[in-house]
$ cat protein.csv   # CSV, C-alpha atoms and all ligand atoms
chain,number,residue,atom,x,y,z
H,1,MET,CA,53.8,17.0,11.2
H,2,VAL,CA,57.5,18.0,11.7
H,3,ASP,CA,60.4,19.7,9.8
H,4,GLU,CA,63.9,18.2,9.7
H,5,ASN,CA,65.0,20.3,12.7
H,6,THR,CA,62.0,19.3,15.0
H,7,LEU,CA,62.2,15.7,13.8
H,8,GLN,CA,65.8,15.6,15.0
H,9,ASN,CA,65.6,17.7,18.1
H,10,CYS,CA,62.1,17.5,19.4
H,11,PHE,CA,60.5,14.3,18.2
H,12,PRO,CA,62.8,12.1,20.4
H,13,LYS,CA,62.0,14.2,23.4
H,14,LEU,CA,58.3,13.8,22.7
H,15,ILE,CA,58.2,10.1,22.4
H,16,GLU,CA,60.3,9.7,25.5
H,17,GLU,CA,57.6,11.5,27.4
H,18,ILE,CA,54.7,10.0,25.5
H,19,PRO,CA,55.7,6.6,24.0
H,20,ALA,CA,52.2,6.1,22.6
H,21,ILE,CA,53.0,8.6,19.9
H,22,LYS,CA,55.9,6.4,18.6
H,23,PRO,CA,53.8,4.5,16.0
H,24,ALA,CA,52.2,7.6,14.5
H,25,GLU,CA,52.8,8.4,10.8
H,26,ILE,CA,55.4,11.1,10.4
H,27,ILE,CA,54.8,13.9,7.9
H,28,GLU,CA,58.0,15.8,7.3
H,29,ILE,CA,58.4,19.1,5.4
H,30,GLU,CA,61.5,21.1,4.8
H,31,SER,CA,61.9,24.0,7.3
H,32,GLY,CA,61.5,27.6,6.3
H,33,GLU,CA,58.8,30.2,5.6
H,34,ILE,CA,59.3,29.5,1.9
H,35,ASN,CA,57.6,26.1,2.3
H,36,LYS,CA,54.5,27.5,3.9
H,37,ASN,CA,52.7,27.3,0.5
H,38,THR,CA,50.0,25.7,-1.5
H,39,ASP,CA,52.2,23.0,-3.2
H,40,ILE,CA,53.2,21.6,0.2
H,41,CYS,CA,49.6,21.6,1.3
H,42,VAL,CA,48.4,19.7,-1.7
H,43,ASN,CA,51.2,17.1,-1.1
H,44,ILE,CA,50.1,16.7,2.5
H,45,TRP,CA,46.3,16.6,1.7
H,46,GLU,CA,47.2,13.8,-0.8
H,47,ALA,CA,49.3,12.0,1.8
H,48,LEU,CA,46.5,12.2,4.3
H,49,SER,CA,44.1,10.8,1.8
H,50,ASP,CA,46.5,7.9,1.0
H,51,LEU,CA,46.9,7.2,4.7
H,52,GLY,CA,43.2,7.0,5.1
H,53,ALA,CA,43.0,9.9,7.5
H,54,GLU,CA,39.5,10.7,8.8
H,55,ARG,CA,37.8,13.6,10.5
H,56,ASN,CA,38.5,12.2,13.9
H,57,SER,CA,42.1,11.5,13.1
H,58,VAL,CA,44.5,13.9,14.8
H,59,ILE,CA,47.4,15.9,13.3
H,60,ILE,CA,50.1,16.8,15.9
H,61,ASN,CA,52.0,19.9,14.8
H,62,LEU,CA,55.4,19.6,16.3
H,63,GLY,CA,57.4,22.7,15.3
H,64,GLY,CA,57.6,26.4,15.0
H,65,GLY,CA,55.0,28.8,13.6
H,66,VAL,CA,55.5,27.5,10.1
H,67,ILE,CA,54.4,24.0,11.2
H,68,THR,CA,51.6,25.1,13.5
H,69,ASP,CA,50.2,27.6,10.9
H,70,MET,CA,50.4,25.2,8.0
H,71,GLY,CA,49.6,22.1,9.9
H,72,GLY,CA,46.6,23.8,11.5
H,73,PHE,CA,45.4,25.0,8.1
H,74,ILE,CA,45.8,21.6,6.4
H,75,ALA,CA,43.9,19.9,9.3
H,76,SER,CA,41.1,22.6,9.2
H,77,THR,CA,40.4,22.1,5.5
H,78,PHE,CA,40.9,18.3,5.0
H,79,LYS,CA,37.5,16.7,4.9
H,80,ARG,CA,36.2,20.1,6.1
H,81,GLY,CA,38.1,19.9,9.3
H,82,MET,CA,39.9,17.2,11.2
H,83,ARG,CA,41.3,17.4,14.7
H,84,PHE,CA,44.7,18.9,15.4
H,85,ILE,CA,47.0,19.6,18.4
H,86,HIS,CA,49.9,22.1,18.6
H,87,ILE,CA,53.2,21.3,20.3
H,88,PRO,CA,55.1,24.5,19.6
H,89,THR,CA,58.9,24.3,19.8
H,90,THR,CA,60.1,27.8,19.2
H,91,LEU,CA,59.7,30.7,21.6
H,92,LEU,CA,57.7,32.6,19.0
H,93,SER,CA,55.3,29.8,18.4
H,94,GLN,CA,54.9,29.1,22.1
H,95,VAL,CA,54.0,32.7,23.0
H,96,ASP,CA,52.3,33.8,19.8
H,97,ALA,CA,51.6,31.5,16.7
H,98,SER,CA,50.0,28.6,18.6
H,99,VAL,CA,47.7,30.9,20.6
H,100,GLY,CA,44.6,32.6,19.1
H,101,GLY,CA,43.3,30.3,16.4
H,102,LYS,CA,44.8,31.8,13.3
H,103,VAL,CA,46.1,29.3,10.8
H,104,GLY,CA,47.2,29.8,7.2
H,105,ILE,CA,49.7,29.8,4.5
H,106,ASP,CA,51.5,32.4,2.2
H,107,LEU,CA,50.6,33.0,-1.4
H,108,LYS,CA,52.1,35.2,-4.1
H,109,GLY,CA,54.8,36.3,-1.7
H,110,ILE,CA,52.1,37.7,0.7
H,111,LYS,CA,52.3,36.3,4.2
H,112,ASN,CA,49.2,34.5,5.5
H,113,LEU,CA,47.1,35.5,2.5
H,114,VAL,CA,45.1,32.3,2.7
H,115,GLY,CA,43.9,30.9,6.0
H,116,CYS,CA,41.1,30.7,8.6
H,117,PHE,CA,40.3,30.9,12.2
H,118,SER,CA,40.4,27.4,13.7
H,119,ASN,CA,41.3,26.2,17.1
H,120,PRO,CA,43.4,23.1,18.0
H,121,GLU,CA,42.0,20.5,20.4
H,122,ALA,CA,44.9,21.4,22.7
H,123,VAL,CA,48.2,23.2,22.8
H,124,PHE,CA,51.0,21.7,24.9
H,125,ILE,CA,54.0,23.9,25.7
H,126,ASP,CA,57.2,22.6,27.1
H,127,PRO,CA,60.1,25.1,27.5
H,128,ARG,CA,62.6,22.2,27.4
H,129,PHE,CA,62.2,22.1,23.6
H,130,LEU,CA,63.9,25.5,23.5
H,131,ILE,CA,67.3,24.1,24.6
H,132,THR,CA,68.2,23.3,21.0
H,133,LEU,CA,66.7,26.5,19.5
H,134,PRO,CA,69.3,28.9,18.1
H,135,LYS,CA,69.7,32.2,20.0
H,136,LYS,CA,68.5,34.2,17.0
H,137,GLU,CA,65.2,32.3,17.1
H,138,ILE,CA,64.9,32.9,20.9
H,139,LEU,CA,65.3,36.6,20.3
H,140,SER,CA,62.7,36.5,17.6
H,141,GLY,CA,60.2,35.2,20.1
H,142,PHE,CA,61.4,37.7,22.7
H,143,ALA,CA,60.4,40.6,20.5
H,144,GLU,CA,56.7,39.4,20.7
H,145,ILE,CA,57.1,39.1,24.5
H,146,ILE,CA,58.3,42.7,24.6
H,147,LYS,CA,55.3,43.7,22.6
H,148,HIS,CA,52.9,41.9,25.0
H,149,ALA,CA,54.3,43.9,27.9
H,150,LEU,CA,54.2,47.2,26.0
H,151,VAL,CA,50.6,46.9,24.9
H,152,ALA,CA,49.1,45.3,27.9
H,153,ASP,CA,51.0,45.2,31.2
H,154,ALA,CA,53.4,47.8,32.6
H,155,VAL,CA,54.3,45.6,35.6
H,156,TYR,CA,55.3,42.8,33.2
H,157,TRP,CA,57.5,45.4,31.4
H,158,LYS,CA,59.4,46.0,34.6
H,159,THR,CA,59.8,42.2,35.0
H,160,LEU,CA,61.3,42.0,31.5
H,161,LYS,CA,63.8,44.6,32.2
H,162,GLU,CA,65.3,42.4,34.9
H,163,ILE,CA,65.2,39.2,32.9
H,164,ASN,CA,68.2,37.0,32.0
H,165,LEU,CA,67.2,35.1,28.8
H,166,ALA,CA,69.9,32.5,29.3
H,167,GLU,CA,68.2,31.3,32.5
H,168,PRO,CA,65.6,28.6,31.6
H,169,GLY,CA,63.5,29.0,34.7
H,170,GLN,CA,63.0,32.7,33.9
H,171,LEU,CA,62.0,31.9,30.4
H,172,GLU,CA,59.3,29.6,31.7
H,173,THR,CA,57.7,32.4,33.8
H,174,ILE,CA,57.6,34.9,30.9
H,175,ILE,CA,56.2,32.3,28.5
H,176,TYR,CA,53.4,31.8,30.9
H,177,ARG,CA,52.6,35.5,31.3
H,178,SER,CA,52.8,36.2,27.6
H,179,ILE,CA,50.4,33.4,26.8
H,180,GLU,CA,48.0,34.7,29.5
H,181,ILE,CA,48.1,38.2,27.9
H,182,LYS,CA,47.6,37.0,24.4
H,183,ASN,CA,44.8,34.6,25.4
H,184,ASN,CA,43.0,37.2,27.4
H,185,ILE,CA,43.0,39.6,24.5
H,186,VAL,CA,42.0,37.0,21.9
H,187,GLN,CA,39.2,35.7,24.1
H,188,GLN,CA,37.7,39.2,24.3
H,189,ASP,CA,38.0,39.8,20.5
H,190,PRO,CA,38.6,36.5,18.7
H,191,MET,CA,37.9,37.8,15.1
H,192,GLU,CA,40.1,41.0,15.5
H,193,SER,CA,37.4,43.5,15.1
H,194,GLY,CA,38.8,45.8,17.8
H,195,LEU,CA,40.9,45.1,20.9
H,196,ARG,CA,42.9,42.2,19.3
H,197,LYS,CA,44.5,44.8,17.0
H,198,VAL,CA,46.7,45.9,19.9
H,199,LEU,CA,48.8,42.8,19.1
H,200,ASN,CA,49.7,44.5,15.8
H,201,PHE,CA,51.9,47.0,17.6
H,202,GLY,CA,55.3,47.1,15.8
H,203,HIS,CA,53.9,45.1,12.9
H,204,THR,CA,53.0,47.8,10.3
H,205,VAL,CA,56.6,48.9,10.0
H,206,GLY,CA,57.7,45.4,11.0
H,207,HIS,CA,56.1,43.6,8.2
H,208,ALA,CA,57.4,46.1,5.7
H,209,VAL,CA,61.0,45.8,6.8
H,210,GLU,CA,60.6,42.0,7.0
H,211,SER,CA,59.4,42.0,3.3
H,212,LEU,CA,62.2,44.4,2.3
H,213,SER,CA,64.8,42.1,3.9
H,214,LEU,CA,63.6,39.3,1.6
H,215,GLU,CA,64.0,41.4,-1.5
H,216,GLY,CA,67.5,40.2,-2.1
H,217,GLY,CA,71.0,41.6,-1.4
H,218,ARG,CA,70.2,42.3,2.2
H,219,LYS,CA,70.6,40.5,5.5
H,220,GLN,CA,67.4,38.6,6.0
H,221,LEU,CA,65.5,39.5,9.2
H,222,THR,CA,63.7,37.1,11.4
H,223,HIS,CA,60.1,38.1,12.2
H,224,GLY,CA,61.0,39.2,15.6
H,225,GLU,CA,64.0,41.3,14.4
H,226,ALA,CA,61.7,43.0,12.0
H,227,VAL,CA,59.1,43.6,14.8
H,228,ALA,CA,61.8,45.1,17.0
H,229,ILE,CA,62.6,47.7,14.3
H,230,GLY,CA,58.8,48.2,13.9
H,231,MET,CA,58.4,48.8,17.7
H,232,ILE,CA,61.2,51.4,17.7
H,233,CYS,CA,59.5,53.3,14.8
H,234,GLU,CA,56.0,52.9,16.2
H,235,SER,CA,57.1,54.0,19.7
H,236,TRP,CA,58.5,57.1,18.1
H,237,LEU,CA,55.2,57.7,16.3
H,238,SER,CA,53.4,57.1,19.7
H,239,TRP,CA,55.6,59.7,21.4
H,240,LYS,CA,55.0,62.2,18.5
H,241,ASN,CA,51.3,61.6,17.9
H,242,LYS,CA,49.9,60.1,21.1
H,243,SER,CA,50.6,60.6,24.7
H,244,LEU,CA,53.6,58.2,25.2
H,245,PRO,CA,55.8,60.1,27.7
H,246,GLU,CA,59.3,60.9,26.5
H,247,GLU,CA,60.9,59.1,29.4
H,248,GLU,CA,59.0,55.9,28.7
H,249,PHE,CA,59.8,56.2,25.0
H,250,ASN,CA,63.5,56.5,25.8
H,251,GLU,CA,63.4,53.5,28.0
H,252,ILE,CA,61.7,51.4,25.3
H,253,ILE,CA,64.2,52.4,22.7
H,254,SER,CA,67.3,51.6,24.8
H,255,PHE,CA,65.8,48.2,26.0
H,256,ILE,CA,65.1,47.1,22.4
H,257,GLN,CA,68.6,48.3,21.3
H,258,GLU,CA,70.2,46.1,24.0
H,259,TYR,CA,68.9,43.0,22.3
H,260,PHE,CA,68.6,43.9,18.6
H,261,PRO,CA,71.5,45.4,16.7
H,262,PRO,CA,70.8,48.0,14.0
H,263,TRP,CA,69.7,46.8,10.6
H,264,PRO,CA,70.9,49.0,7.7
H,265,PHE,CA,68.7,50.6,5.1
H,266,ASP,CA,68.7,54.1,3.8
H,267,ASP,CA,66.5,57.0,2.6
H,268,MET,CA,66.2,55.4,-0.8
H,269,ASP,CA,64.2,52.6,0.8
H,270,PHE,CA,61.6,54.8,2.3
H,271,HIS,CA,59.4,54.8,-0.8
H,272,ARG,CA,59.4,51.1,-1.0
H,273,LEU,CA,58.7,50.6,2.7
H,274,ILE,CA,55.7,53.0,2.6
H,275,ALA,CA,54.4,51.1,-0.5
H,276,LEU,CA,54.8,47.8,1.4
H,277,MET,CA,52.9,49.4,4.3
H,278,ARG,CA,50.0,50.4,2.0
H,279,ASN,CA,49.7,46.8,1.0
H,280,ASP,CA,49.1,45.7,4.6
H,281,LYS,CA,45.9,43.7,4.7
H,282,LYS,CA,44.8,45.4,7.9
H,283,ASN,CA,44.4,48.8,6.2
H,284,ARG,CA,41.1,50.4,5.1
H,285,ASP,CA,40.3,53.1,2.6
H,286,ASN,CA,43.9,53.5,1.3
H,287,THR,CA,45.2,54.9,4.6
H,288,ILE,CA,48.0,53.3,6.6
H,289,LEU,CA,46.8,52.2,10.0
H,290,PHE,CA,48.9,51.8,13.2
H,291,THR,CA,48.5,50.5,16.7
H,292,LEU,CA,50.3,53.0,18.9
H,293,LEU,CA,51.1,53.3,22.6
H,294,GLU,CA,49.3,55.8,24.9
H,295,LYS,CA,51.7,54.7,27.6
H,296,THR,CA,53.7,51.6,28.6
H,297,GLY,CA,51.1,48.9,29.0
H,298,LYS,CA,48.3,50.6,27.1
H,299,ALA,CA,47.8,50.7,23.3
H,300,THR,CA,45.2,52.2,20.9
H,301,TRP,CA,44.5,51.0,17.4
H,302,ASP,CA,43.4,52.1,13.9
H,303,CYS,CA,45.5,55.3,14.1
H,304,ALA,CA,45.8,56.6,10.5
H,305,LEU,CA,49.1,58.4,9.8
H,306,GLN,CA,50.6,60.4,6.9
H,307,ALA,CA,53.5,59.1,4.9
H,308,ASN,CA,55.7,62.1,6.1
H,309,ASP,CA,55.2,61.1,9.7
H,310,ILE,CA,56.1,57.5,8.9
H,311,LYS,CA,59.2,58.6,7.0
H,312,ASP,CA,60.3,60.6,10.0
H,313,SER,CA,60.0,57.5,12.2
H,314,LEU,CA,62.2,55.6,9.8
H,315,LYS,CA,64.7,58.5,9.9
H,316,PHE,CA,64.7,58.3,13.7
H,317,TYR,CA,65.5,54.6,13.5
H,318,LEU,CA,68.4,55.3,11.2
H,319,SER,CA,69.7,58.1,13.4
H,320,LEU,CA,70.1,55.7,16.3
H,321,ASP,CA,72.9,53.9,14.5
H,322,LYS,CA,74.9,57.2,14.3
H,323,LYS,CA,74.6,57.9,18.0
H,401,LIG,N1,49.0,32.2,13.7
H,401,LIG,C1,49.5,33.2,14.3
H,401,LIG,O1,48.8,33.9,15.1
H,401,LIG,C2,50.9,33.6,14.1
H,401,LIG,C3,51.5,34.5,15.0
H,401,LIG,C4,52.9,34.8,14.8
H,401,LIG,C5,53.6,34.2,13.8
H,401,LIG,N2,53.0,33.3,13.0
H,401,LIG,C6,53.7,32.6,11.9
H,401,LIG,O2,54.8,31.8,12.5
H,401,LIG,C7,55.8,31.7,11.6
H,401,LIG,C8,57.2,31.9,12.2
H,401,LIG,O3,57.3,31.0,13.3
H,401,LIG,P1,58.8,30.6,13.9
H,401,LIG,O4,59.5,31.9,14.2
H,401,LIG,O5,58.5,29.6,14.9
H,401,LIG,O6,59.5,30.0,12.6
H,401,LIG,P2,59.8,28.5,12.1
H,401,LIG,O7,58.7,27.6,12.2
H,401,LIG,O8,60.4,28.8,10.7
H,401,LIG,O9,61.0,28.0,13.1
H,401,LIG,C9,62.3,28.7,13.0
H,401,LIG,C10,63.4,27.7,12.9
H,401,LIG,O10,63.6,26.9,14.1
H,401,LIG,C11,63.6,25.5,13.8
H,401,LIG,N3,63.2,24.9,15.0
H,401,LIG,C12,61.9,24.8,15.5
H,401,LIG,N4,61.9,24.3,16.8
H,401,LIG,C13,63.2,24.0,17.0
H,401,LIG,C14,63.9,23.5,18.2
H,401,LIG,N5,63.2,23.2,19.3
H,401,LIG,N6,65.2,23.3,18.1
H,401,LIG,C15,65.9,23.6,17.0
H,401,LIG,N7,65.4,24.2,15.9
H,401,LIG,C16,64.0,24.4,15.9
H,401,LIG,C17,62.8,25.4,12.6
H,401,LIG,O11,63.1,24.2,11.9
H,401,LIG,C18,63.1,26.6,11.8
H,401,LIG,O12,64.3,26.4,11.1
H,401,LIG,C19,55.5,32.6,10.4
H,401,LIG,O13,55.1,31.9,9.3
H,401,LIG,C20,54.4,33.5,11.0
H,401,LIG,O14,53.6,34.0,10.0
H,401,LIG,C21,51.7,33.0,13.1
H,402,ZN,ZN,54.4,39.0,15.1

$ encode --input "protein.csv" --output "structure tokens"
Amino acid sequence: MVDENTLQNCFPKLIEEIPAIKPAEIIEIESGEINKNTDICVNIWEALSDLGAERNSVIINLGGGVITDMGGFIASTFKRGMRFIHIPTTLLSQVDASVGGKVGIDLKGIKNLVGCFSNPEAVFIDPRFLITLPKKEILSGFAEIIKHALVADAVYWKTLKEINLAEPGQLETIIYRSIEIKNNIVQQDPMESGLRKVLNFGHTVGHAVESLSLEGGRKQLTHGEAVAIGMICESWLSWKNKSLPEEEFNEIISFIQEYFPPWPFDDMDFHRLIALMRNDKKNRDNTILFTLLEKTGKATWDCALQANDIKDSLKFYLSLDKK
């Protein structure tokens, strides 16, 4: 399964390395999160049926997180589960979406509302695919890499501060370390009953601003850009409510600001943002739950916070633009 961009940029590279794939049937969808939906799934299930796909047939998902999430979901449900392989081609899908066994699609405008836990036969990662990836998409994946360091590895955080993203060799090293971190966490808690929640750092506020950016009239954020805003607000909350030292907090904020320019919203949006956070499927008992930092490299989860605190963190984000 591919989209138009991975068909053009990645498929030729793949068959050059593995010519045996050349005769495979190509299932192409249009790129974009908007296409991660039930209609497309139905089309593809029908196509698989017409092609005579069986349980031991294999779907190869060649693309970003949209392709790996949806291709994995389609494969996991067709005939109660056929085999699939991920070949992620964006930085975000290499370090995040293709690791950890979550597959799914969006419904009613809610991200990943329908899905399951299901693991591919294999994940093959080649940083050379990233050569054609737009810089904006590289940065989107880099936000998750920053998150990995902040929640799990203070030494890695120091490495990131020295990194030059334009240098392909350096990217390869951090892809490897990020996958190691995510894999290690997921293996200890595959179903997200505890520890895996550290990976939600930056995502309570992040998902809310990502949804807000889709509500028209605004500059649309990539997932990583939204998570970067989320990490700024949630670092502020960590400094205010947990033990994150002020010096580490300041370091985090200036590092994120180096890569991610400010995204404008205003006080009028606070109410909507809090409402979006209340909808987060990770919440329980009508409280808004956060993953916060105790220090760089150590996170704690299920921290319930009041709307006023959350608003203050949004105000802090907006104040940065004025400095
Ligand atoms: N399952 C999980 O654990 C998990 C984790 C994080 C994110 N996700 C999901 O991942 C999705 C986002 O993934 P994404 O950021 O990779 O987005 P994406 O799949 O939309 O890819 C971004 C863009 O890059 C293009 N592209 C992909 N590879 C390319 C290449 N090598 N060269 C040029 N263009 C290329 C795509 O066509 C698309 O236009 C979301 O749906 C999110 O929910 C899932
Ligand atoms: Zn994310």

$ residues_near_ligand --input "protein.csv" --ligand "ligand LIG 401 (chain H)" --cutoff "8 Å" --atoms "all atoms listed in the file" --output "PDB file with C-alpha atoms, in the coordinates of the input"
ATOM      1  CA  ASP H   3      60.400  19.700   9.800  1.00  0.00           C
ATOM      2  CA  GLU H   4      63.900  18.200   9.700  1.00  0.00           C
ATOM      3  CA  ASN H   5      65.000  20.300  12.700  1.00  0.00           C
ATOM      4  CA  THR H   6      62.000  19.300  15.000  1.00  0.00           C
ATOM      5  CA  ASN H   9      65.600  17.700  18.100  1.00  0.00           C
ATOM      6  CA  CYS H  10      62.100  17.500  19.400  1.00  0.00           C
ATOM      7  CA  GLU H  30      61.500  21.100   4.800  1.00  0.00           C
ATOM      8  CA  SER H  31      61.900  24.000   7.300  1.00  0.00           C
ATOM      9  CA  GLY H  32      61.500  27.600   6.300  1.00  0.00           C
ATOM     10  CA  GLU H  33      58.800  30.200   5.600  1.00  0.00           C
ATOM     11  CA  LYS H  36      54.500  27.500   3.900  1.00  0.00           C
ATOM     12  CA  GLY H  63      57.400  22.700  15.300  1.00  0.00           C
ATOM     13  CA  GLY H  64      57.600  26.400  15.000  1.00  0.00           C
ATOM     14  CA  GLY H  65      55.000  28.800  13.600  1.00  0.00           C
ATOM     15  CA  VAL H  66      55.500  27.500  10.100  1.00  0.00           C
ATOM     16  CA  ILE H  67      54.400  24.000  11.200  1.00  0.00           C
ATOM     17  CA  THR H  68      51.600  25.100  13.500  1.00  0.00           C
ATOM     18  CA  ASP H  69      50.200  27.600  10.900  1.00  0.00           C
ATOM     19  CA  PRO H  88      55.100  24.500  19.600  1.00  0.00           C
ATOM     20  CA  THR H  89      58.900  24.300  19.800  1.00  0.00           C
ATOM     21  CA  THR H  90      60.100  27.800  19.200  1.00  0.00           C
ATOM     22  CA  LEU H  91      59.700  30.700  21.600  1.00  0.00           C
ATOM     23  CA  LEU H  92      57.700  32.600  19.000  1.00  0.00           C
ATOM     24  CA  SER H  93      55.300  29.800  18.400  1.00  0.00           C
ATOM     25  CA  ASP H  96      52.300  33.800  19.800  1.00  0.00           C
ATOM     26  CA  ALA H  97      51.600  31.500  16.700  1.00  0.00           C
ATOM     27  CA  SER H  98      50.000  28.600  18.600  1.00  0.00           C
ATOM     28  CA  VAL H  99      47.700  30.900  20.600  1.00  0.00           C
ATOM     29  CA  GLY H 100      44.600  32.600  19.100  1.00  0.00           C
ATOM     30  CA  GLY H 101      43.300  30.300  16.400  1.00  0.00           C
ATOM     31  CA  LYS H 102      44.800  31.800  13.300  1.00  0.00           C
ATOM     32  CA  VAL H 103      46.100  29.300  10.800  1.00  0.00           C
ATOM     33  CA  GLY H 104      47.200  29.800   7.200  1.00  0.00           C
ATOM     34  CA  ILE H 105      49.700  29.800   4.500  1.00  0.00           C
ATOM     35  CA  ASP H 106      51.500  32.400   2.200  1.00  0.00           C
ATOM     36  CA  LYS H 111      52.300  36.300   4.200  1.00  0.00           C
ATOM     37  CA  ASN H 112      49.200  34.500   5.500  1.00  0.00           C
ATOM     38  CA  PHE H 129      62.200  22.100  23.600  1.00  0.00           C
ATOM     39  CA  LEU H 130      63.900  25.500  23.500  1.00  0.00           C
ATOM     40  CA  ILE H 131      67.300  24.100  24.600  1.00  0.00           C
ATOM     41  CA  THR H 132      68.200  23.300  21.000  1.00  0.00           C
ATOM     42  CA  LEU H 133      66.700  26.500  19.500  1.00  0.00           C
ATOM     43  CA  PRO H 134      69.300  28.900  18.100  1.00  0.00           C
ATOM     44  CA  GLU H 137      65.200  32.300  17.100  1.00  0.00           C
ATOM     45  CA  SER H 140      62.700  36.500  17.600  1.00  0.00           C
ATOM     46  CA  GLY H 141      60.200  35.200  20.100  1.00  0.00           C
ATOM     47  CA  THR H 222      63.700  37.100  11.400  1.00  0.00           C
ATOM     48  CA  HIS H 223      60.100  38.100  12.200  1.00  0.00           C
ATOM     49  CA  GLY H 224      61.000  39.200  15.600  1.00  0.00           C
TER      50      GLY H 224
END

$ closest_residue --input "protein.csv" --among "H:Val209, H:Met191, H:Leu139, H:Leu221" --to "Leu171 in chain H" --atoms "all atoms listed in the file"
H:Leu139

$ closest_residue --input "protein.csv" --among "H:Gly52, H:Gly71, H:Gly230, H:Pro23" --to "ligand ZN 402 (chain H)" --atoms "all atoms listed in the file"
H:Gly230

$ atom_distance --input "protein.csv" --atom1 "CA of Ser76 in chain H" --atom2 "CA of Leu199 in chain H"
23.8 Å

$ atom_distance --input "protein.csv" --atom1 "CA of Met1 in chain H" --atom2 "CA of Met70 in chain H"
9.4 Å
